[in-house]
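Structure data follow from final.cif (mmCIF, C-alpha atoms):
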```
data_target
#
loop_
_atom_site.label_atom_id
_atom_site.label_comp_id
_atom_site.auth_asym_id
_atom_site.auth_seq_id
_atom_site.Cartn_x
_atom_site.Cartn_y
_atom_site.Cartn_z
CA MET A 1 208.43 -61.91 -116.34
CA THR A 2 205.27 -63.33 -114.78
CA GLN A 3 205.21 -66.14 -112.24
CA ALA A 4 203.62 -68.43 -114.82
CA ALA A 5 206.57 -67.91 -117.15
CA HIS A 6 208.90 -69.32 -114.48
CA ARG A 7 207.06 -72.66 -114.13
CA ALA A 8 209.33 -75.51 -115.16
CA HIS A 9 208.47 -77.56 -118.22
CA PRO A 10 207.87 -81.31 -117.80
CA THR A 11 210.65 -83.88 -118.01
CA PRO A 12 211.05 -86.30 -120.97
CA ALA A 13 209.54 -89.07 -118.81
CA VAL A 14 206.39 -87.00 -118.39
CA TYR A 15 206.28 -86.34 -122.15
CA TRP A 16 206.46 -90.10 -122.82
CA GLY A 17 203.66 -90.67 -120.31
CA ILE A 18 201.51 -88.04 -122.02
CA ALA A 19 202.19 -89.66 -125.41
CA LEU A 20 201.09 -93.03 -123.98
CA PHE A 21 197.91 -91.41 -122.66
CA LEU A 22 197.24 -89.84 -126.08
CA GLY A 23 197.79 -93.21 -127.75
CA VAL A 24 195.28 -94.88 -125.42
CA VAL A 25 192.69 -92.14 -126.03
CA THR A 26 193.19 -92.54 -129.80
CA ALA A 27 192.66 -96.31 -129.51
CA ILE A 28 189.40 -95.68 -127.60
CA GLU A 29 188.34 -93.14 -130.26
CA VAL A 30 188.87 -95.63 -133.06
CA ALA A 31 186.98 -98.35 -131.18
CA VAL A 32 183.92 -96.20 -130.34
CA PRO A 33 182.27 -96.24 -133.83
CA TYR A 34 182.47 -100.05 -133.88
CA ILE A 35 180.77 -100.60 -130.50
CA SER A 36 177.04 -100.54 -131.18
CA ALA A 37 176.18 -100.19 -127.48
CA LEU A 38 177.79 -96.74 -127.58
CA ASP A 39 175.72 -95.51 -130.56
CA PRO A 40 173.43 -93.27 -128.46
CA VAL A 41 176.43 -91.38 -127.07
CA ARG A 42 178.80 -91.83 -130.00
CA VAL A 43 178.89 -88.20 -131.22
CA PRO A 44 179.29 -86.46 -127.83
CA LEU A 45 181.78 -89.13 -126.70
CA LEU A 46 183.99 -88.66 -129.79
CA ILE A 47 183.84 -84.87 -129.40
CA VAL A 48 184.86 -85.13 -125.73
CA LEU A 49 187.73 -87.52 -126.56
CA ALA A 50 188.98 -85.17 -129.31
CA ALA A 51 188.73 -82.21 -126.90
CA VAL A 52 190.76 -84.14 -124.30
CA LYS A 53 193.51 -84.85 -126.86
CA PHE A 54 193.42 -81.26 -128.13
CA GLY A 55 193.68 -79.85 -124.61
CA THR A 56 196.46 -82.27 -123.61
CA VAL A 57 198.67 -81.39 -126.61
CA VAL A 58 198.07 -77.64 -126.19
CA SER A 59 198.65 -77.71 -122.42
CA PHE A 60 201.69 -79.99 -122.21
CA PHE A 61 203.40 -80.25 -125.60
CA MET A 62 202.76 -76.58 -126.51
CA HIS A 63 203.45 -75.60 -122.87
CA LEU A 64 200.44 -73.29 -122.70
CA ARG A 65 199.87 -74.54 -119.15
CA TYR A 66 203.32 -73.30 -118.14
CA ASP A 67 203.65 -70.13 -120.22
CA LYS A 68 202.38 -66.57 -119.92
CA LYS A 69 198.64 -66.00 -119.73
CA LEU A 70 198.97 -63.65 -122.70
CA TYR A 71 199.71 -66.58 -125.02
CA ARG A 72 196.69 -68.48 -123.68
CA THR A 73 194.48 -65.45 -124.26
CA LEU A 74 195.76 -64.93 -127.80
CA PHE A 75 195.17 -68.57 -128.72
CA LEU A 76 191.78 -68.83 -127.01
CA PHE A 77 190.69 -65.75 -128.95
CA GLY A 78 191.19 -67.75 -132.14
CA VAL A 79 189.65 -70.96 -130.79
CA ILE A 80 186.55 -69.22 -129.42
CA GLY A 81 186.36 -67.10 -132.60
CA VAL A 82 185.62 -70.30 -134.51
CA ILE A 83 182.12 -70.45 -132.95
CA PRO A 84 180.76 -67.20 -134.51
CA LEU A 85 182.60 -68.15 -137.70
CA PHE A 86 180.70 -71.47 -137.77
CA LEU A 87 177.43 -69.60 -137.26
CA VAL A 88 178.23 -67.10 -140.03
CA VAL A 89 179.11 -69.90 -142.48
CA LEU A 90 175.94 -71.82 -141.62
CA ALA A 91 173.80 -68.66 -141.86
CA THR A 92 175.36 -67.71 -145.21
CA MET A 93 174.53 -71.16 -146.56
CA HIS A 94 170.99 -70.97 -145.08
CA ALA A 95 171.74 -74.01 -142.92
CA LEU A 96 170.60 -72.45 -139.65
CA MET B 1 234.77 -58.65 -134.22
CA THR B 2 233.16 -58.49 -137.66
CA SER B 3 230.37 -56.02 -138.31
CA GLN B 4 227.92 -58.93 -138.71
CA ALA B 5 228.87 -60.46 -135.37
CA ALA B 6 228.62 -57.04 -133.72
CA SER B 7 225.19 -56.58 -135.24
CA ILE B 8 224.05 -59.99 -133.93
CA GLU B 9 225.38 -59.22 -130.47
CA ALA B 10 223.65 -55.84 -130.37
CA HIS B 11 220.48 -57.47 -131.58
CA ASP B 12 220.68 -60.18 -128.92
CA HIS B 13 220.74 -57.60 -126.13
CA HIS B 14 217.07 -57.03 -126.85
CA ASP B 15 215.18 -60.22 -126.02
CA VAL B 16 212.63 -60.42 -128.79
CA ARG B 17 211.60 -64.00 -127.99
CA PRO B 18 208.39 -63.10 -126.10
CA ILE B 19 207.27 -60.85 -128.96
CA ARG B 20 208.01 -63.52 -131.58
CA LYS B 21 206.23 -66.13 -129.49
CA ALA B 22 203.17 -63.89 -129.00
CA ALA B 23 203.13 -63.29 -132.76
CA MET B 24 203.21 -67.06 -133.33
CA TRP B 25 200.24 -67.56 -130.98
CA VAL B 26 198.31 -64.82 -132.84
CA PHE B 27 199.12 -66.60 -136.11
CA LEU B 28 197.96 -69.95 -134.69
CA GLY B 29 194.76 -68.34 -133.43
CA SER B 30 194.07 -67.02 -136.92
CA GLU B 31 194.83 -70.47 -138.33
CA CYS B 32 192.11 -71.88 -136.05
CA MET B 33 189.63 -69.65 -137.87
CA PHE B 34 191.06 -70.67 -141.25
CA PHE B 35 190.61 -74.38 -140.55
CA GLY B 36 187.35 -73.72 -138.68
CA SER B 37 185.79 -72.22 -141.80
CA MET B 38 186.88 -75.21 -143.90
CA ILE B 39 185.57 -77.72 -141.33
CA ALA B 40 182.24 -75.84 -141.29
CA THR B 41 182.16 -76.03 -145.10
CA PHE B 42 182.84 -79.78 -145.01
CA LEU B 43 180.03 -80.30 -142.50
CA LEU B 44 177.67 -78.39 -144.79
CA TYR B 45 178.51 -80.52 -147.81
CA ARG B 46 179.13 -83.91 -146.16
CA ASN B 47 175.93 -85.36 -147.60
CA THR B 48 176.07 -83.77 -151.06
CA THR B 49 177.90 -86.60 -152.78
CA GLY B 50 175.87 -86.53 -156.01
CA GLU B 51 176.64 -89.61 -158.11
CA GLY B 52 180.05 -90.07 -156.53
CA PRO B 53 181.14 -92.01 -153.46
CA GLY B 54 180.85 -90.61 -149.95
CA SER B 55 182.42 -91.30 -146.59
CA GLU B 56 181.84 -95.07 -146.97
CA ILE B 57 185.15 -95.29 -148.88
CA PHE B 58 187.14 -94.04 -145.89
CA ASP B 59 189.61 -96.59 -144.56
CA ILE B 60 189.37 -95.89 -140.82
CA PRO B 61 192.09 -98.36 -139.69
CA PHE B 62 194.57 -96.87 -142.19
CA THR B 63 193.74 -93.25 -141.26
CA SER B 64 193.91 -94.21 -137.56
CA ALA B 65 197.48 -95.42 -138.09
CA SER B 66 198.34 -92.16 -139.91
CA SER B 67 196.78 -90.17 -137.06
CA PHE B 68 198.86 -92.10 -134.53
CA VAL B 69 202.03 -91.35 -136.53
CA LEU B 70 201.27 -87.61 -136.51
CA LEU B 71 200.39 -87.72 -132.81
CA MET B 72 203.72 -89.35 -131.99
CA SER B 73 205.52 -86.70 -134.04
CA SER B 74 204.34 -84.22 -131.41
CA LEU B 75 206.21 -86.30 -128.82
CA THR B 76 209.43 -86.29 -130.86
CA MET B 77 209.02 -82.53 -131.48
CA VAL B 78 208.69 -81.71 -127.80
CA LEU B 79 211.71 -83.95 -127.07
CA ALA B 80 213.68 -81.99 -129.72
CA HIS B 81 212.71 -78.74 -128.01
CA HIS B 82 213.68 -80.17 -124.62
CA ALA B 83 217.07 -81.30 -125.97
CA PHE B 84 217.60 -77.86 -127.57
CA GLU B 85 216.93 -76.13 -124.25
CA LYS B 86 219.44 -78.46 -122.57
CA ARG B 87 222.04 -77.50 -125.24
CA ASP B 88 222.09 -81.14 -126.37
CA ALA B 89 222.92 -80.68 -130.07
CA ARG B 90 222.99 -84.40 -130.86
CA GLY B 91 219.65 -85.02 -129.14
CA THR B 92 218.13 -82.03 -130.91
CA ARG B 93 219.21 -83.39 -134.29
CA ILE B 94 217.97 -86.92 -133.54
CA TRP B 95 214.51 -85.77 -132.45
CA LEU B 96 214.21 -83.15 -135.21
CA SER B 97 214.98 -85.78 -137.85
CA ALA B 98 212.57 -88.26 -136.19
CA THR B 99 209.82 -85.62 -136.30
CA ALA B 100 210.53 -84.87 -139.97
CA LEU B 101 210.50 -88.60 -140.75
CA LEU B 102 207.13 -89.09 -139.03
CA GLY B 103 205.78 -86.04 -140.90
CA ILE B 104 206.95 -87.50 -144.21
CA THR B 105 205.33 -90.84 -143.27
CA PHE B 106 202.03 -89.07 -142.61
CA LEU B 107 202.26 -87.25 -145.96
CA ALA B 108 203.05 -90.51 -147.79
CA GLY B 109 199.94 -92.02 -146.18
CA GLN B 110 197.85 -89.08 -147.31
CA ILE B 111 199.14 -89.34 -150.89
CA TYR B 112 198.33 -93.09 -150.87
CA GLU B 113 194.86 -92.39 -149.46
CA PHE B 114 194.12 -89.70 -152.07
CA THR B 115 195.31 -92.01 -154.85
CA GLU B 116 193.05 -94.82 -153.64
CA PHE B 117 190.08 -92.46 -153.39
CA ALA B 118 190.72 -91.19 -156.93
CA HIS B 119 190.73 -94.80 -158.20
CA GLU B 120 187.37 -95.31 -156.50
CA GLY B 121 185.90 -92.28 -158.28
CA LEU B 122 186.35 -89.57 -155.67
CA ALA B 123 188.09 -86.75 -157.57
CA LEU B 124 188.31 -83.11 -156.49
CA SER B 125 185.44 -82.09 -158.79
CA THR B 126 183.25 -85.19 -158.30
CA SER B 127 180.90 -83.51 -155.82
CA SER B 128 180.63 -80.77 -153.22
CA PHE B 129 181.55 -83.42 -150.63
CA SER B 130 184.77 -84.37 -152.45
CA GLY B 131 185.71 -80.72 -153.02
CA ALA B 132 185.25 -79.86 -149.34
CA PHE B 133 187.08 -83.05 -148.27
CA TYR B 134 190.12 -82.51 -150.50
CA MET B 135 190.34 -78.79 -149.71
CA LEU B 136 190.33 -79.43 -145.96
CA THR B 137 192.66 -82.44 -145.82
CA GLY B 138 194.81 -81.09 -148.69
CA PHE B 139 195.39 -77.74 -146.95
CA HIS B 140 196.26 -79.62 -143.79
CA GLY B 141 198.71 -81.75 -145.76
CA ALA B 142 200.27 -78.56 -147.20
CA HIS B 143 200.77 -77.33 -143.63
CA VAL B 144 202.47 -80.62 -142.71
CA ALA B 145 204.72 -80.33 -145.80
CA LEU B 146 205.72 -76.78 -144.81
CA GLY B 147 206.44 -78.03 -141.30
CA VAL B 148 208.67 -80.81 -142.67
CA VAL B 149 210.62 -78.23 -144.72
CA MET B 150 211.15 -76.11 -141.59
CA LEU B 151 212.22 -79.17 -139.56
CA LEU B 152 214.73 -80.21 -142.21
CA ALA B 153 216.02 -76.62 -142.45
CA MET B 154 216.60 -76.61 -138.68
CA PHE B 155 218.29 -80.00 -138.87
CA PHE B 156 220.78 -78.74 -141.47
CA LEU B 157 221.30 -75.45 -139.61
CA SER B 158 222.10 -77.41 -136.45
CA LEU B 159 224.85 -79.37 -138.22
CA ASP B 160 227.15 -76.35 -138.12
CA GLY B 161 225.75 -74.82 -134.94
CA ARG B 162 223.61 -72.15 -136.59
CA LEU B 163 220.48 -72.75 -134.53
CA TYR B 164 219.91 -69.63 -132.43
CA GLU B 165 217.26 -68.91 -129.85
CA GLN B 166 216.95 -65.22 -130.63
CA ARG B 167 216.62 -65.07 -134.38
CA GLY B 168 216.04 -67.08 -137.51
CA LEU B 169 214.18 -70.35 -137.36
CA ASN B 170 213.62 -71.05 -133.70
CA VAL B 171 213.05 -74.62 -132.44
CA GLU B 172 210.33 -73.47 -130.07
CA LEU B 173 208.38 -71.53 -132.71
CA VAL B 174 208.61 -74.33 -135.27
CA GLY B 175 207.57 -76.71 -132.48
CA LEU B 176 204.46 -74.64 -131.77
CA TYR B 177 203.61 -74.70 -135.46
CA TRP B 178 204.13 -78.47 -135.62
CA HIS B 179 201.97 -79.18 -132.56
CA PHE B 180 199.28 -76.95 -134.06
CA VAL B 181 199.29 -79.05 -137.22
CA ASP B 182 198.78 -82.06 -134.95
CA ILE B 183 195.83 -80.59 -133.01
CA VAL B 184 194.13 -79.56 -136.26
CA TRP B 185 194.39 -83.19 -137.39
CA ILE B 186 192.90 -84.34 -134.07
CA VAL B 187 189.79 -82.33 -134.97
CA ILE B 188 189.78 -83.36 -138.65
CA PHE B 189 190.17 -87.05 -137.77
CA THR B 190 187.14 -86.91 -135.49
CA VAL B 191 184.87 -84.66 -137.57
CA VAL B 192 185.70 -85.88 -141.08
CA TYR B 193 186.42 -89.58 -140.44
CA LEU B 194 185.11 -90.96 -137.14
CA LEU B 195 181.82 -89.04 -137.03
CA GLN B 196 181.00 -90.10 -140.60
CA VAL B 197 181.38 -93.87 -139.97
#
```
Before anything else, please render the file you have as structure tokens.
Amino acid sequence: MTQAAHRAHPTPAVYWGIALFLGVVTAIEVAVPYISALDPVRVPLLIVLAAVKFGTVVSFFMHLRYDKKLYRTLFLFGVIGVIPLFLVVLATMHAL
Amino acid sequence: MTSQAASIEAHDHHDVRPIRKAAMWVFLGSECMFFGSMIATFLLYRNTTGEGPGSEIFDIPFTSASSFVLLMSSLTMVLAHHAFEKRDARGTRIWLSATALLGITFLAGQIYEFTEFAHEGLALSTSSFSGAFYMLTGFHGAHVALGVVMLLAMFFLSLDGRLYEQRGLNVELVGLYWHFVDIVWIVIFTVVYLLQV
């Protein structure tokens, strides 16, 4: 068993704290489209906020931060594989 | 010792959990590509609404509430897993049922949303936009429904102590699946709803 596999999972109190953080980020996400001052950065800001939520759930709730590197590699292979897939779909539809 | 019990004991000597967990991560990675292709398709067709309505009919406050419900179901799921690891059967059942309830609430919201959209003229075949929208969100809803079935199955299995770590439906594996359903919705909520406002 690797060292990473021995790392202890968070306590329920930490899980509640993470849920609170995710709730706050969601509230910010929902507010962003309605704040006209943020229009110039709306798209990148929403993408960053979604990425933060995605990473937080995967790292803490799915325990990828605490588990074997193999699992991380297997999952990242799928996540990164989406990029060429996007390009293939766009190229097939002549949208590139 | 019965032959079945002996078989289970012999089976349990070989810890297959890492293999099962790796297989689940491979499956989730492949699911990323599945949903990635549908999100790409939606982005391609987001402006091809034809004569039908487009993203202006989205009810962002309502969908935000649904998103929050699904997000909080990830909390209850991880608490169920934590309770299971601590051999807390009662806690496991409470959090499993809470997760299933939140999942059902999300599905009820999606059914309501689809019904409202249909009344406003957005049917599956109205336009390329509607087809891509319903395929993406509908497939996600099907994943949530499957997750709810697995959660309820685990709840009933736990009633007579038939939840095992080594075989059958495993709380950790179902948890991974459930969290995945949540992170897919995080992306869908941003790309399909918030970026189209």
Can you tell me which residues surround region 40-42 of chain A at a distance of at most 12 Å, considering all atoms listed in the file, apart from same-chain residues fewer than 6 positions away, and format the answer as a PDB file with C-alpha atoms, keeping the file's coordinate frame?
```
ATOM      1  CA  ILE A  28     189.400 -95.680-127.600  1.00  0.00           C
ATOM      2  CA  GLU A  29     188.340 -93.140-130.260  1.00  0.00           C
ATOM      3  CA  VAL A  30     188.870 -95.630-133.060  1.00  0.00           C
ATOM      4  CA  ALA A  31     186.980 -98.350-131.180  1.00  0.00           C
ATOM      5  CA  VAL A  32     183.920 -96.200-130.340  1.00  0.00           C
ATOM      6  CA  PRO A  33     182.270 -96.240-133.830  1.00  0.00           C
ATOM      7  CA  TYR A  34     182.470-100.050-133.880  1.00  0.00           C
ATOM      8  CA  VAL A  48     184.860 -85.130-125.730  1.00  0.00           C
ATOM      9  CA  LEU A  49     187.730 -87.520-126.560  1.00  0.00           C
TER      10      LEU A  49
ATOM     11  CA  THR B 190     187.140 -86.910-135.490  1.00  0.00           C
ATOM     12  CA  LEU B 194     185.110 -90.960-137.140  1.00  0.00           C
ATOM     13  CA  LEU B 195     181.820 -89.040-137.030  1.00  0.00           C
ATOM     14  CA  GLN B 196     181.000 -90.100-140.600  1.00  0.00           C
ATOM     15  CA  VAL B 197     181.380 -93.870-139.970  1.00  0.00           C
TER      16      VAL B 197
END
```
Review point. So, counting all atoms listed in the file, which residue among B:Ile60, B:Met33, B:Met24, B:Met154 is closest to Trp95 (chain B)?
Key: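 Looking only at the distances to Trp95 (chain B), the closest residue turns out to be B:Met154.
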Exercise for review: Tell me, in Å to one decimal, how far CA of Ile186 (chain B) is from CA of Ala23 (chain B).
Suggested key: 23.4 Å
Practice item. Just the residues within 9 Å of Pro12 (chain A), please, counting all atoms listed in the file, with nothing from its chain fewer than 5 positions along; format it as a ChimeraX atom specification. Key: /A:17 /B:78-79,82
Point to revise | Pick from B:Asn47, B:Ser73, B:Ser64, B:Ser158, whichever lies nearest to Ala19 (chain A) using all atoms listed in the file | key: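 Of B:Asn47, B:Ser73, B:Ser64, B:Ser158, the one nearest Ala19 (chain A), counting all atoms listed in the file, is B:Ser73.
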Determine, using all atoms listed in the file, which residues of chain B have any atom at most 6 Å from an atom of chain A, and tabulate each with its shortest atom pair and distance in Å to one decimal place, rows ordered by chain and then rising number, as a Markdown table.
```
| residue | atom | partner | partner_atom | distance |
| --- | --- | --- | --- | --- |
| B:Ala22 | CA | A:Tyr71 | CA | 5.9 |
| B:Trp25 | CA | A:Phe75 | CA | 5.6 |
| B:Val26 | CA | A:Leu74 | CA | 5.6 |
| B:Gly29 | CA | A:Gly78 | CA | 3.8 |
| B:Ser30 | CA | A:Gly78 | CA | 5.6 |
| B:Cys32 | CA | A:Gly78 | CA | 5.8 |
| B:Met33 | CA | A:Val82 | CA | 5.3 |
| B:Gly36 | CA | A:Val82 | CA | 5.7 |
| B:Ala40 | CA | A:Phe86 | CA | 5.8 |
| B:Val78 | CA | A:Phe61 | CA | 5.9 |
| B:Leu176 | CA | A:Met62 | CA | 5.9 |
| B:Ile183 | CA | A:Phe54 | CA | 5.5 |
```
Practice item. Could you give me, as a PyMOL selection string, the residues within 10 Å of Gln110 (chain B), counting only C-alpha atoms and dropping anything in the same chain fewer than 5 positions from it? Key: chain B and resi 62-63+66+104-105+115-116+137-138+141
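Going from CA of Ser37 (chain B) over to CA of Ala118 (chain B), you cover 24.8 Å.
When the PyMOL selection byres ((chain B and resi 80) around 10) is evaluated against the file, it yields Ser74, Leu75, Thr76, Met77, Val78, Leu79, His81, His82, Ala83, Phe84, Glu85, Lys86, Asp88, Ala89, Arg90, Gly91, Thr92, Arg93, Ile94, Trp95, Leu96, Ser97, Ala98, Thr99, Val171, Glu172 and Gly175 of chain B.
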Practice item. Using CA of Gly109 (chain B) and CA of Phe156 (chain B) as the two end points, give the distance in Å to one decimal. Key: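 Here the two named atoms are 25.2 Å from each other.
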Exercise for review: Please identify all polymer residues lying at most 12 Å from the point (186.6, -91.6, -150.1) (file coordinates), using all atoms listed in the file, and present the result as a ChimeraX atom specification.
Suggested key: /B:46,49,52-60,63,110,112-124,126-127,129-134,137,192-193,196-197
Kindly reconstruct region 46-74 of chain A with N, CA and C atoms and present the result as a PDB file, in the frame of the given file.
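The result, stored in selection.pdb:
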```
ATOM      1  N   LEU A  46     182.847 -88.923-128.892  1.00  0.00           N
ATOM      2  CA  LEU A  46     183.990 -88.660-129.790  1.00  0.00           C
ATOM      3  C   LEU A  46     184.443 -87.205-129.704  1.00  0.00           C
ATOM      4  N   ILE A  47     183.481 -86.298-129.522  1.00  0.00           N
ATOM      5  CA  ILE A  47     183.840 -84.870-129.400  1.00  0.00           C
ATOM      6  C   ILE A  47     184.608 -84.636-128.094  1.00  0.00           C
ATOM      7  N   VAL A  48     184.165 -85.284-127.020  1.00  0.00           N
ATOM      8  CA  VAL A  48     184.860 -85.130-125.730  1.00  0.00           C
ATOM      9  C   VAL A  48     186.278 -85.705-125.821  1.00  0.00           C
ATOM     10  N   LEU A  49     186.411 -86.889-126.430  1.00  0.00           N
ATOM     11  CA  LEU A  49     187.730 -87.520-126.560  1.00  0.00           C
ATOM     12  C   LEU A  49     188.677 -86.636-127.386  1.00  0.00           C
ATOM     13  N   ALA A  50     188.152 -86.056-128.481  1.00  0.00           N
ATOM     14  CA  ALA A  50     188.980 -85.170-129.310  1.00  0.00           C
ATOM     15  C   ALA A  50     189.375 -83.928-128.509  1.00  0.00           C
ATOM     16  N   ALA A  51     188.436 -83.405-127.719  1.00  0.00           N
ATOM     17  CA  ALA A  51     188.730 -82.210-126.900  1.00  0.00           C
ATOM     18  C   ALA A  51     189.802 -82.517-125.852  1.00  0.00           C
ATOM     19  N   VAL A  52     189.756 -83.733-125.295  1.00  0.00           N
ATOM     20  CA  VAL A  52     190.760 -84.140-124.300  1.00  0.00           C
ATOM     21  C   VAL A  52     192.151 -84.176-124.954  1.00  0.00           C
ATOM     22  N   LYS A  53     192.222 -84.781-126.153  1.00  0.00           N
ATOM     23  CA  LYS A  53     193.510 -84.850-126.860  1.00  0.00           C
ATOM     24  C   LYS A  53     193.997 -83.449-127.240  1.00  0.00           C
ATOM     25  N   PHE A  54     193.091 -82.635-127.750  1.00  0.00           N
ATOM     26  CA  PHE A  54     193.420 -81.260-128.130  1.00  0.00           C
ATOM     27  C   PHE A  54     193.983 -80.501-126.925  1.00  0.00           C
ATOM     28  N   GLY A  55     193.262 -80.565-125.817  1.00  0.00           N
ATOM     29  CA  GLY A  55     193.680 -79.850-124.610  1.00  0.00           C
ATOM     30  C   GLY A  55     195.003 -80.361-124.054  1.00  0.00           C
ATOM     31  N   THR A  56     195.216 -81.676-124.130  1.00  0.00           N
ATOM     32  CA  THR A  56     196.460 -82.270-123.610  1.00  0.00           C
ATOM     33  C   THR A  56     197.664 -81.795-124.427  1.00  0.00           C
ATOM     34  N   VAL A  57     197.542 -81.832-125.756  1.00  0.00           N
ATOM     35  CA  VAL A  57     198.670 -81.390-126.610  1.00  0.00           C
ATOM     36  C   VAL A  57     198.947 -79.901-126.386  1.00  0.00           C
ATOM     37  N   VAL A  58     197.887 -79.091-126.363  1.00  0.00           N
ATOM     38  CA  VAL A  58     198.070 -77.640-126.190  1.00  0.00           C
ATOM     39  C   VAL A  58     198.675 -77.332-124.811  1.00  0.00           C
ATOM     40  N   SER A  59     198.195 -78.006-123.786  1.00  0.00           N
ATOM     41  CA  SER A  59     198.650 -77.710-122.420  1.00  0.00           C
ATOM     42  C   SER A  59     200.079 -78.164-122.170  1.00  0.00           C
ATOM     43  N   PHE A  60     200.394 -79.405-122.582  1.00  0.00           N
ATOM     44  CA  PHE A  60     201.690 -79.990-122.210  1.00  0.00           C
ATOM     45  C   PHE A  60     202.741 -79.889-123.314  1.00  0.00           C
ATOM     46  N   PHE A  61     202.400 -80.294-124.530  1.00  0.00           N
ATOM     47  CA  PHE A  61     203.400 -80.250-125.600  1.00  0.00           C
ATOM     48  C   PHE A  61     203.651 -78.814-126.074  1.00  0.00           C
ATOM     49  N   MET A  62     202.583 -77.986-126.092  1.00  0.00           N
ATOM     50  CA  MET A  62     202.760 -76.580-126.510  1.00  0.00           C
ATOM     51  C   MET A  62     203.042 -75.687-125.305  1.00  0.00           C
ATOM     52  N   HIS A  63     203.059 -76.277-124.114  1.00  0.00           N
ATOM     53  CA  HIS A  63     203.450 -75.600-122.870  1.00  0.00           C
ATOM     54  C   HIS A  63     202.547 -74.428-122.489  1.00  0.00           C
ATOM     55  N   LEU A  64     201.315 -74.415-123.011  1.00  0.00           N
ATOM     56  CA  LEU A  64     200.440 -73.290-122.700  1.00  0.00           C
ATOM     57  C   LEU A  64     200.093 -73.258-121.209  1.00  0.00           C
ATOM     58  N   ARG A  65     200.133 -74.430-120.577  1.00  0.00           N
ATOM     59  CA  ARG A  65     199.870 -74.540-119.150  1.00  0.00           C
ATOM     60  C   ARG A  65     200.967 -73.872-118.331  1.00  0.00           C
ATOM     61  N   TYR A  66     202.167 -73.796-118.901  1.00  0.00           N
ATOM     62  CA  TYR A  66     203.320 -73.300-118.140  1.00  0.00           C
ATOM     63  C   TYR A  66     203.727 -71.886-118.557  1.00  0.00           C
ATOM     64  N   ASP A  67     203.201 -71.410-119.674  1.00  0.00           N
ATOM     65  CA  ASP A  67     203.650 -70.130-120.220  1.00  0.00           C
ATOM     66  C   ASP A  67     202.792 -68.964-119.744  1.00  0.00           C
ATOM     67  N   LYS A  68     203.084 -67.793-120.300  1.00  0.00           N
ATOM     68  CA  LYS A  68     202.380 -66.570-119.920  1.00  0.00           C
ATOM     69  C   LYS A  68     200.893 -66.658-120.283  1.00  0.00           C
ATOM     70  N   LYS A  69     200.083 -66.005-119.472  1.00  0.00           N
ATOM     71  CA  LYS A  69     198.640 -66.000-119.730  1.00  0.00           C
ATOM     72  C   LYS A  69     198.317 -65.299-121.041  1.00  0.00           C
ATOM     73  N   LEU A  70     199.193 -64.387-121.438  1.00  0.00           N
ATOM     74  CA  LEU A  70     198.970 -63.650-122.700  1.00  0.00           C
ATOM     75  C   LEU A  70     198.850 -64.610-123.872  1.00  0.00           C
ATOM     76  N   TYR A  71     199.732 -65.624-123.913  1.00  0.00           N
ATOM     77  CA  TYR A  71     199.710 -66.580-125.020  1.00  0.00           C
ATOM     78  C   TYR A  71     198.388 -67.357-125.027  1.00  0.00           C
ATOM     79  N   ARG A  72     197.958 -67.734-123.815  1.00  0.00           N
ATOM     80  CA  ARG A  72     196.690 -68.480-123.680  1.00  0.00           C
ATOM     81  C   ARG A  72     195.539 -67.635-124.219  1.00  0.00           C
ATOM     82  N   THR A  73     195.552 -66.359-123.839  1.00  0.00           N
ATOM     83  CA  THR A  73     194.480 -65.450-124.260  1.00  0.00           C
ATOM     84  C   THR A  73     194.472 -65.301-125.784  1.00  0.00           C
ATOM     85  N   LEU A  74     195.659 -65.114-126.349  1.00  0.00           N
ATOM     86  CA  LEU A  74     195.760 -64.930-127.800  1.00  0.00           C
ATOM     87  C   LEU A  74     195.239 -66.151-128.552  1.00  0.00           C
TER      88      LEU A  74
END
```
